[in-house]
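Asks: One file is attached below, final-v5.txt, containing compact mmCIF, C-alpha atoms and all ligand atoms.
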# COMPACT_ATOMS: atom_id res chain seq x y z
CA MET A 675 4.62 12.61 39.94
CA PRO A 676 6.52 15.04 37.71
CA GLN A 677 10.07 13.89 37.18
CA GLN A 678 11.54 17.11 35.85
CA ALA A 679 15.02 18.16 36.90
CA THR A 680 13.91 21.51 38.33
CA GLU A 681 10.71 23.08 39.60
CA LYS A 682 10.73 25.75 36.91
CA ALA A 683 10.27 25.13 33.21
CA LEU A 684 13.01 26.40 30.91
CA LEU A 685 12.03 28.19 27.71
CA ALA A 686 14.91 29.01 25.41
CA ALA A 687 14.25 31.39 22.51
CA ASN A 688 16.60 30.69 19.61
CA TRP A 689 16.26 33.67 17.27
CA LYS A 690 18.71 32.14 14.75
CA MET A 691 19.86 34.75 12.18
CA ASN A 692 17.00 37.16 12.99
CA PRO A 693 16.09 39.99 13.10
CA VAL A 694 18.34 41.74 10.60
CA ASP A 695 17.82 45.06 12.35
CA GLY A 696 19.21 45.71 15.85
CA GLY A 697 16.36 48.05 16.72
CA GLU A 698 13.89 45.26 15.99
CA ALA A 699 15.83 42.97 18.32
CA VAL A 700 15.40 45.45 21.16
CA ASP A 701 11.71 45.91 20.33
CA LEU A 702 11.22 42.14 20.44
CA VAL A 703 12.79 41.94 23.90
CA ARG A 704 10.64 44.80 25.15
CA GLY A 705 7.59 43.06 23.68
CA VAL A 706 8.14 39.80 25.56
CA MET A 707 9.46 41.17 28.85
CA PRO A 708 6.11 41.76 30.63
CA ALA A 709 4.88 38.19 30.02
CA ILE A 710 8.21 36.71 31.12
CA THR A 711 8.38 38.88 34.22
CA ALA A 712 4.84 37.83 35.17
CA ALA A 713 5.84 34.16 34.94
CA THR A 714 9.21 34.17 36.69
CA GLU A 715 8.02 32.03 39.58
CA SER A 716 7.38 29.06 37.34
CA VAL A 717 9.31 29.70 34.11
CA GLU A 718 12.97 30.47 33.46
CA VAL A 719 13.51 32.18 30.10
CA ALA A 720 16.73 32.58 28.13
CA LEU A 721 16.93 34.60 24.91
CA PHE A 722 19.47 33.74 22.20
CA PRO A 723 19.88 36.68 19.77
CA PRO A 724 22.54 36.78 17.03
CA PHE A 725 26.02 37.83 18.26
CA PRO A 726 25.83 41.50 17.13
CA TRP A 727 22.66 42.10 19.18
CA LEU A 728 23.87 40.49 22.41
CA LEU A 729 25.19 43.69 23.92
CA GLY A 730 22.10 45.78 23.12
CA VAL A 731 19.78 43.05 24.38
CA ALA A 732 21.89 42.66 27.54
CA GLU A 733 21.37 46.36 28.27
CA VAL A 734 17.60 46.02 27.99
CA LEU A 735 17.62 42.89 30.20
CA GLU A 736 19.75 44.43 32.94
CA GLY A 737 18.10 44.07 36.31
CA SER A 738 15.51 41.57 34.99
CA SER A 739 15.44 37.84 35.65
CA ILE A 740 15.60 37.07 31.92
CA GLU A 741 18.76 35.27 30.89
CA LEU A 742 20.85 35.71 27.78
CA GLY A 743 22.77 33.29 25.61
CA ALA A 744 24.74 32.92 22.39
CA GLN A 745 23.78 30.51 19.61
CA ASP A 746 27.28 29.06 19.25
CA CYS A 747 30.90 29.56 20.32
CA PHE A 748 34.36 28.17 19.63
CA TRP A 749 36.24 25.79 21.92
CA GLU A 750 39.46 27.81 22.31
CA ILE A 751 39.74 30.83 24.59
CA SER A 752 41.66 33.13 22.24
CA GLY A 753 44.01 32.99 19.29
CA ALA A 754 44.18 32.90 15.51
CA TYR A 755 40.66 31.64 14.80
CA THR A 756 39.21 34.13 12.35
CA GLY A 757 35.53 34.75 12.81
CA GLU A 758 35.18 32.69 15.96
CA VAL A 759 33.91 33.82 19.38
CA SER A 760 35.15 32.21 22.57
CA PRO A 761 33.08 31.38 25.65
CA ALA A 762 35.42 33.58 27.70
CA MET A 763 34.29 36.56 25.60
CA LEU A 764 30.64 35.76 26.19
CA LYS A 765 31.01 35.27 29.92
CA GLY A 766 30.54 38.94 30.79
CA TRP A 767 26.92 39.16 29.74
CA CYS A 768 25.73 35.69 28.73
CA GLN A 769 24.73 32.85 31.02
CA TRP A 770 24.13 30.37 28.22
CA VAL A 771 25.48 29.02 24.93
CA ILE A 772 23.72 26.68 22.49
CA VAL A 773 26.02 24.14 20.81
CA GLY A 774 25.43 21.50 18.16
CA HIS A 775 22.28 22.96 16.66
CA SER A 776 21.26 20.85 13.66
CA GLU A 777 21.55 23.87 11.36
CA ARG A 778 25.24 23.99 12.28
CA ARG A 779 25.64 20.24 12.01
CA VAL A 780 23.84 19.97 8.65
CA ILE A 781 24.70 23.27 6.90
CA LEU A 782 28.19 23.89 8.33
CA GLY A 783 29.33 20.31 8.85
CA GLU A 784 29.83 20.46 12.62
CA THR A 785 30.72 17.03 13.97
CA ASP A 786 29.97 15.41 17.30
CA ASP A 787 33.62 15.88 18.20
CA MET A 788 33.41 19.64 17.59
CA VAL A 789 30.18 19.81 19.58
CA ALA A 790 31.81 17.91 22.46
CA ARG A 791 34.72 20.33 22.51
CA LYS A 792 32.40 23.34 22.44
CA ALA A 793 30.20 21.96 25.23
CA ALA A 794 33.23 21.37 27.43
CA ALA A 795 34.61 24.87 26.74
CA VAL A 796 31.29 26.48 27.66
CA LEU A 797 31.13 24.56 30.94
CA THR A 798 34.79 25.19 31.80
CA ASN A 799 34.12 28.90 31.44
CA GLY A 800 31.32 28.78 33.97
CA LEU A 801 28.43 29.15 31.53
CA SER A 802 25.48 26.82 31.03
CA VAL A 803 25.13 24.88 27.80
CA ILE A 804 22.27 23.63 25.66
CA VAL A 805 23.51 20.70 23.57
CA CYS A 806 21.21 19.97 20.63
CA VAL A 807 20.62 16.47 19.27
CA GLY A 808 18.07 15.02 16.89
CA GLU A 809 17.59 12.63 14.01
CA LEU A 810 17.07 13.48 10.33
CA GLU A 811 13.80 12.64 8.61
CA ASP A 812 15.33 9.62 6.85
CA HIS A 813 16.45 8.25 10.22
CA TYR A 814 13.01 8.82 11.68
CA ASP A 815 11.30 7.12 8.73
CA ALA A 816 13.70 4.17 9.01
CA GLY A 817 12.98 3.80 12.75
CA ARG A 818 16.56 4.76 13.62
CA SER A 819 15.81 7.74 15.91
CA ASP A 820 16.94 5.98 19.10
CA GLU A 821 20.20 4.80 17.60
CA ILE A 822 21.08 8.22 16.15
CA VAL A 823 20.14 10.20 19.25
CA THR A 824 21.98 7.79 21.56
CA ALA A 825 25.15 8.12 19.50
CA GLN A 826 24.87 11.93 19.39
CA VAL A 827 24.34 12.24 23.13
CA LYS A 828 27.25 9.93 23.95
CA ALA A 829 29.62 11.68 21.57
CA SER A 830 28.51 15.24 22.33
CA LEU A 831 28.87 14.77 26.09
CA ALA A 832 32.18 12.92 25.82
CA ASN A 833 34.00 15.68 27.72
CA CYS A 834 31.30 16.43 30.31
CA SER A 835 31.24 15.15 33.89
CA ALA A 836 28.81 14.74 36.77
CA ASP A 837 29.97 18.12 38.16
CA ASP A 838 28.48 19.85 35.12
CA SER A 839 24.99 18.40 35.48
CA SER A 840 23.12 21.45 36.79
CA ARG A 841 24.52 23.57 33.94
CA LEU A 842 23.91 20.97 31.27
CA VAL A 843 20.76 20.98 29.15
CA ILE A 844 20.03 18.68 26.24
CA ALA A 845 17.56 19.80 23.60
CA TYR A 846 15.93 17.05 21.60
CA GLU A 847 15.16 18.63 18.25
CA PRO A 848 14.15 16.16 15.52
CA VAL A 849 15.56 17.82 12.40
CA TRP A 850 12.41 17.12 10.39
CA ALA A 851 10.36 19.07 12.94
CA ILE A 852 12.48 22.22 12.80
CA GLY A 853 10.90 25.10 10.93
CA SER A 854 8.61 22.67 9.13
CA GLY A 855 5.39 23.17 11.08
CA LYS A 856 5.47 19.37 11.61
CA ASN A 857 6.01 19.24 15.36
CA ALA A 858 6.84 15.80 16.74
CA ASP A 859 4.13 13.67 18.21
CA PRO A 860 4.44 14.23 22.00
CA GLU A 861 4.61 10.45 22.49
CA HIS A 862 7.68 10.23 20.23
CA ALA A 863 9.21 13.25 21.98
CA TYR A 864 8.55 11.69 25.37
CA LYS A 865 10.11 8.34 24.46
CA THR A 866 13.18 10.01 23.02
CA MET A 867 13.61 12.33 26.02
CA ARG A 868 13.32 9.27 28.29
CA LEU A 869 16.02 7.58 26.23
CA ILE A 870 18.23 10.69 26.50
CA ARG A 871 17.89 10.61 30.29
CA ARG A 872 18.86 6.95 30.32
CA VAL A 873 21.95 7.57 28.19
CA VAL A 874 22.97 10.56 30.34
CA SER A 875 22.58 8.39 33.47
CA GLU A 876 24.94 5.82 31.98
CA LEU A 877 27.45 8.55 31.17
CA ILE A 878 27.53 10.59 34.39
CA GLY A 879 25.61 8.50 36.92
CA ALA A 880 21.93 8.51 37.85
CA GLY A 881 22.21 11.09 40.66
CA ALA A 882 23.90 13.71 38.51
CA ALA A 883 21.71 12.91 35.50
CA ARG A 884 18.62 13.87 37.47
CA LYS A 885 19.90 17.47 37.48
CA VAL A 886 20.35 17.55 33.70
CA ARG A 887 17.45 19.25 31.96
CA VAL A 888 15.96 17.92 28.73
CA LEU A 889 13.99 20.16 26.35
CA TYR A 890 11.92 19.53 23.25
CA GLY A 891 12.35 21.72 20.16
CA GLY A 892 10.85 21.71 16.66
CA SER A 893 7.85 23.80 15.51
CA VAL A 894 6.81 24.64 19.07
CA ASN A 895 4.09 27.29 19.17
CA ALA A 896 1.45 28.63 21.54
CA ALA A 897 -1.04 26.00 20.39
CA ASN A 898 1.15 22.93 20.95
CA VAL A 899 3.54 23.92 23.75
CA GLU A 900 1.27 22.49 26.45
CA SER A 901 1.51 19.01 24.93
CA TYR A 902 5.28 19.06 25.57
CA VAL A 903 5.68 20.92 28.85
CA GLU A 904 3.07 18.70 30.49
CA LEU A 905 5.11 15.57 29.67
CA PRO A 906 6.90 13.93 32.58
CA LEU A 907 10.67 14.15 31.96
CA CYS A 908 10.32 17.30 29.80
CA ASP A 909 11.88 20.39 31.38
CA GLY A 910 10.78 22.91 28.78
CA CYS A 911 11.20 23.86 25.12
CA LEU A 912 13.69 25.34 22.70
CA VAL A 913 11.63 27.63 20.49
CA GLY A 914 12.70 28.95 17.09
CA GLY A 915 10.34 30.79 14.75
CA ALA A 916 7.61 31.37 17.32
CA SER A 917 10.07 33.20 19.58
CA LEU A 918 10.40 35.96 16.94
CA LYS A 919 6.77 37.00 17.36
CA ALA A 920 6.38 38.82 20.68
CA GLU A 921 2.72 37.99 21.12
CA GLU A 922 3.16 34.32 20.24
CA PHE A 923 6.16 33.88 22.54
CA ALA A 924 4.34 35.69 25.36
CA LYS A 925 1.53 33.13 24.96
CA ILE A 926 4.03 30.27 25.06
CA VAL A 927 5.39 31.63 28.34
CA LYS A 928 1.87 32.03 29.75
CA VAL A 929 0.74 28.51 28.81
CA THR A 930 3.93 27.03 30.26
CA SER A 931 3.55 28.95 33.50
CA GLU A 932 -0.03 27.70 33.79
CA VAL A 933 1.12 24.08 33.41
CA TYR A 934 3.95 24.53 35.93
CA GLY A 935 1.89 26.70 38.28
CA HIS A 936 -0.51 23.79 38.79
CA ARG A 937 2.15 21.38 39.91
P1 LIG B 1001 11.40 26.14 15.02
O1 LIG B 1001 10.72 26.37 16.35
O2 LIG B 1001 11.35 27.33 14.12
O3 LIG B 1001 10.94 24.86 14.39
O4 LIG B 1001 12.95 25.95 15.36
C1 LIG B 1001 13.32 25.08 16.35
C2 LIG B 1001 14.76 25.26 16.61
O5 LIG B 1001 15.58 24.92 15.77
C3 LIG B 1001 15.16 25.87 17.88
O6 LIG B 1001 16.52 25.72 18.09
Spell out the structure here as structure tokens.
Ligand code: 13P
Replies:
Amino acid sequence: MPQQATEKALLAANWKMNPVDGGEAVDLVRGVMPAITAATESVEVALFPPFPWLLGVAEVLEGSSIELGAQDCFWEISGAYTGEVSPAMLKGWCQWVIVGHSERRVILGETDDMVARKAAAVLTNGLSVIVCVGELEDHYDAGRSDEIVTAQVKASLANCSADDSSRLVIAYEPVWAIGSGKNADPEHAYKTMRLIRRVVSELIGAGAARKVRVLYGGSVNAANVESYVELPLCDGCLVGGASLKAEEFAKIVKVTSEVYGHR
């Protein structure tokens, strides 16, 4: 029996700081739209372009079922916070925000406390949130993945409640698997996603935790996506590099819809 939180898979396309050109961003959306539209019955897709392209991408997506999100936001609503963007500003055209991506944790020094504040701000503003967690390679090699991920989940969800569960997604992204071409062994991903569900149950109660979706991310591509989306307890994937190639991402959507269509 599948034990996913929803009947549809969720595929989130994190474009990171790409493409540099706004026209290319629009072309990329146009390139993936037919495959996503063909799969809407079994796959929910959210695109996460860089901030400057959100508006242009939103225009292209208007009237489609494809969702839009930002890759980060601040926890305050407005004020003297130079360079920051608040969830209230994103609310008009985004449904989603990613918080706590490892690139922000590692490169920019974001802490669990900051991630917890951001997650709460996103939810308070009526948006859905993808909270990213994952161990570093050293932790993985030392057999400390469970300990690290448990601590990150507990701390990052410190301000979340059972009421948030249907708008709360946790992406398990082992840092060593991101952009490395070394995707995690599905067995390791499965065990860690099972652990995440257990920790979330302890935090917000088993009933609410069942509505929380858990994704895998880290070197997902068209050739390996099936090995994750077919896992019990996996609700979909957070895709980085492969989401920048229209044909590759279209294949990822197709493979996922085939797995979910057979359920
Ligand atoms: P890659 O798919 O490029 O490994 O990136 C994963 C990721 O960080 C998505 O948020």
Asks: Which residues come within 10 Å of segment 790-793 of chain A, counting all atoms listed in the file, excluding same-chain residues fewer than 2 positions away, as a VMD selection string?
Replies: chain A and resid 746 to 750 760 to 761 771 to 774 785 to 788 795 to 798 801 to 805 826 to 834 842
Asks: Determine, using all atoms listed in the file, which residues of chain A have any atom at most 7 Å from an atom of ligand LIG 1001 (chain B), and tabulate each with its shortest atom pair and distance in Å to one decimal place, rows ordered by chain and then rising number, as CSV.
Replies:
residue,atom,partner,partner_atom,distance
A:Asn688,CA,B:LIG1001,O6,5.2
A:His775,CA,B:LIG1001,O6,6.5
A:Glu847,CA,B:LIG1001,O5,6.8
A:Ala851,CA,B:LIG1001,O3,6.0
A:Ile852,CA,B:LIG1001,O3,3.4
A:Gly853,CA,B:LIG1001,O3,3.5
A:Ser854,CA,B:LIG1001,O3,6.2
A:Gly855,CA,B:LIG1001,O3,6.7
A:Gly891,CA,B:LIG1001,C1,5.2
A:Gly892,CA,B:LIG1001,O3,3.9
A:Ser893,CA,B:LIG1001,O3,3.5
A:Val894,CA,B:LIG1001,O1,5.1
A:Leu912,CA,B:LIG1001,C3,5.1
A:Val913,CA,B:LIG1001,O1,4.4
A:Gly914,CA,B:LIG1001,O1,3.3
A:Gly915,CA,B:LIG1001,O2,3.7
A:Ala916,CA,B:LIG1001,O1,6.0
Asks: One number please: atom CA of Pro724 of chain A to atom CA of Thr824 of chain A, in Å, one decimal.
Replies: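 These atoms are spaced 29.3 Å apart.
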Asks: Determine, counting all atoms listed in the file, which protein, DNA and RNA residues have an atom within 12 Å of an atom of Asp695 of chain A; residues of the same chain fewer than 2 positions away are not included. Present the result as a PDB file with C-alpha atoms, keeping the file's coordinate frame.
Replies:
ATOM      1  CA  MET A 691      19.860  34.750  12.180  1.00  0.00           C
ATOM      2  CA  ASN A 692      17.000  37.160  12.990  1.00  0.00           C
ATOM      3  CA  PRO A 693      16.090  39.990  13.100  1.00  0.00           C
ATOM      4  CA  GLY A 697      16.360  48.050  16.720  1.00  0.00           C
ATOM      5  CA  GLU A 698      13.890  45.260  15.990  1.00  0.00           C
ATOM      6  CA  ALA A 699      15.830  42.970  18.320  1.00  0.00           C
ATOM      7  CA  VAL A 700      15.400  45.450  21.160  1.00  0.00           C
ATOM      8  CA  ASP A 701      11.710  45.910  20.330  1.00  0.00           C
ATOM      9  CA  LEU A 702      11.220  42.140  20.440  1.00  0.00           C
ATOM     10  CA  PRO A 723      19.880  36.680  19.770  1.00  0.00           C
ATOM     11  CA  PRO A 724      22.540  36.780  17.030  1.00  0.00           C
ATOM     12  CA  PRO A 726      25.830  41.500  17.130  1.00  0.00           C
ATOM     13  CA  TRP A 727      22.660  42.100  19.180  1.00  0.00           C
ATOM     14  CA  GLY A 730      22.100  45.780  23.120  1.00  0.00           C
TER      15      GLY A 730
END
Asks: Smallest atom-to-atom distance to Ala924 of chain A: which of A:Ala713, A:Val843, A:Val807, A:Ala825, using only C-alpha atoms?
Replies: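 Selected residue with least distance to Ala924 of chain A: A:Ala713.
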Asks: For a quick check of understanding, using only C-alpha atoms, which of A:Asn895, A:Ser931, A:Ser776, A:Thr680 has the smallest distance to Ala845 of chain A?
Replies: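 Smallest distance to Ala845 of chain A is found for A:Ser776.
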Asks: List the neighbours of Ala686 of chain A out to 8 Å using all atoms listed in the file; skip same-chain residues closer than 4 positions along the sequence, and give me the result as a PyMOL selection string.
Replies: chain A and resi 719-722+911-913
Asks: Calculate how many Å separate atom CA of Ser716 of chain A from atom CA of Lys682 of chain A, rounding to one decimal.
Replies: 4.7 Å
Asks: Considering all atoms listed in the file, can you say which of A:Leu685, A:Ile870, A:Leu889, A:Leu742 comes closest to Glu718 of chain A?
Replies: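 Of A:Leu685, A:Ile870, A:Leu889, A:Leu742, the one nearest Glu718 of chain A, counting all atoms listed in the file, is A:Leu685.
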Asks: If you measure from atom CA of Val899 of chain A to atom CA of Gly743 of chain A, what distance in Å do you get, rounded to one decimal?
Replies: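 One can read the atom CA of Val899 of chain A to atom CA of Gly743 of chain A distance as 21.5 Å.
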Asks: With distances taken over only C-alpha atoms, which of A:Ala794, A:Leu877, A:Val694, A:Val849 is nearest to Ile751 of chain A?
Replies: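 Closest to Ile751 of chain A, using only C-alpha atoms: A:Ala794.
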Asks: Using all atoms listed in the file, pick whichever of A:Val717, A:Met707, A:Ile781, A:Cys768 has the shortest atom-to-atom distance to Ala732 of chain A.
Replies: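 When distances to Ala732 of chain A are compared using all atoms listed in the file, the smallest one comes from A:Cys768.
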Asks: As AutoDock Vina command-line options, please: the centre and edge lengths in Å, to one decimal, of an axis-aligned box enclosing every listed atom of segment 768-783 of chain A with 6 Å added on each side.
Replies:
--center_x 25.3 --center_y 27.8 --center_z 19.0 --size_x 20.1 --size_y 27.7 --size_z 36.1
Asks: Might you pull out every residue within 8 Å of Thr866 of chain A, with all atoms listed in the file counted and same-chain residues fewer than 5 positions away left off, and present them as a PyMOL selection string?
Replies: chain A and resi 819-820+823+846
Asks: With C-alpha atoms retained, could you export that selection as an mmCIF file, in the frame of the given file?
Replies:
data_model
loop_
_atom_site.group_PDB
_atom_site.id
_atom_site.type_symbol
_atom_site.label_atom_id
_atom_site.label_comp_id
_atom_site.auth_asym_id
_atom_site.auth_seq_id
_atom_site.Cartn_x
_atom_site.Cartn_y
_atom_site.Cartn_z
ATOM 1 C CA SER A 819 15.810 7.740 15.910
ATOM 2 C CA ASP A 820 16.940 5.980 19.100
ATOM 3 C CA VAL A 823 20.140 10.200 19.250
ATOM 4 C CA TYR A 846 15.930 17.050 21.600
#
Asks: Given the choices A:Phe725, A:Tyr902, A:Asn799, A:Glu741, which gets closest to Val759 of chain A if the distance is worked out from all atoms listed in the file?
Replies: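 Distance minimum relative to Val759 of chain A lands on A:Phe725.
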Asks: Working from the structure I just supplied, which lacks atoms in segment 738-749 of chain A, can you model N, CA and C atoms there and output them as a PDB file, keeping the file's coordinate frame?
Replies:
ATOM      1  N   SER A 738      16.650  42.498  35.098  1.00  0.00           N
ATOM      2  CA  SER A 738      15.510  41.570  34.990  1.00  0.00           C
ATOM      3  C   SER A 738      15.998  40.157  35.281  1.00  0.00           C
ATOM      4  N   SER A 739      15.043  39.234  35.380  1.00  0.00           N
ATOM      5  CA  SER A 739      15.440  37.840  35.650  1.00  0.00           C
ATOM      6  C   SER A 739      15.664  37.080  34.337  1.00  0.00           C
ATOM      7  N   ILE A 740      15.478  37.753  33.214  1.00  0.00           N
ATOM      8  CA  ILE A 740      15.600  37.070  31.920  1.00  0.00           C
ATOM      9  C   ILE A 740      17.068  36.840  31.591  1.00  0.00           C
ATOM     10  N   GLU A 741      17.364  35.634  31.151  1.00  0.00           N
ATOM     11  CA  GLU A 741      18.760  35.270  30.890  1.00  0.00           C
ATOM     12  C   GLU A 741      19.090  35.432  29.403  1.00  0.00           C
ATOM     13  N   LEU A 742      20.393  35.433  29.136  1.00  0.00           N
ATOM     14  CA  LEU A 742      20.850  35.710  27.780  1.00  0.00           C
ATOM     15  C   LEU A 742      21.851  34.637  27.353  1.00  0.00           C
ATOM     16  N   GLY A 743      21.820  34.290  26.084  1.00  0.00           N
ATOM     17  CA  GLY A 743      22.770  33.290  25.610  1.00  0.00           C
ATOM     18  C   GLY A 743      23.181  33.532  24.173  1.00  0.00           C
ATOM     19  N   ALA A 744      24.264  32.868  23.769  1.00  0.00           N
ATOM     20  CA  ALA A 744      24.740  32.920  22.390  1.00  0.00           C
ATOM     21  C   ALA A 744      24.340  31.618  21.700  1.00  0.00           C
ATOM     22  N   GLN A 745      24.259  31.675  20.373  1.00  0.00           N
ATOM     23  CA  GLN A 745      23.780  30.510  19.610  1.00  0.00           C
ATOM     24  C   GLN A 745      24.898  29.525  19.269  1.00  0.00           C
ATOM     25  N   ASP A 746      26.137  29.903  19.584  1.00  0.00           N
ATOM     26  CA  ASP A 746      27.280  29.060  19.250  1.00  0.00           C
ATOM     27  C   ASP A 746      28.516  29.692  19.906  1.00  0.00           C
ATOM     28  N   CYS A 747      29.612  28.962  19.951  1.00  0.00           N
ATOM     29  CA  CYS A 747      30.900  29.560  20.320  1.00  0.00           C
ATOM     30  C   CYS A 747      31.996  28.593  19.860  1.00  0.00           C
ATOM     31  N   PHE A 748      33.238  29.042  19.982  1.00  0.00           N
ATOM     32  CA  PHE A 748      34.360  28.170  19.630  1.00  0.00           C
ATOM     33  C   PHE A 748      34.869  27.492  20.901  1.00  0.00           C
ATOM     34  N   TRP A 749      35.785  26.528  20.730  1.00  0.00           N
ATOM     35  CA  TRP A 749      36.240  25.790  21.920  1.00  0.00           C
ATOM     36  C   TRP A 749      37.536  26.364  22.510  1.00  0.00           C
TER      37      TRP A 749
END
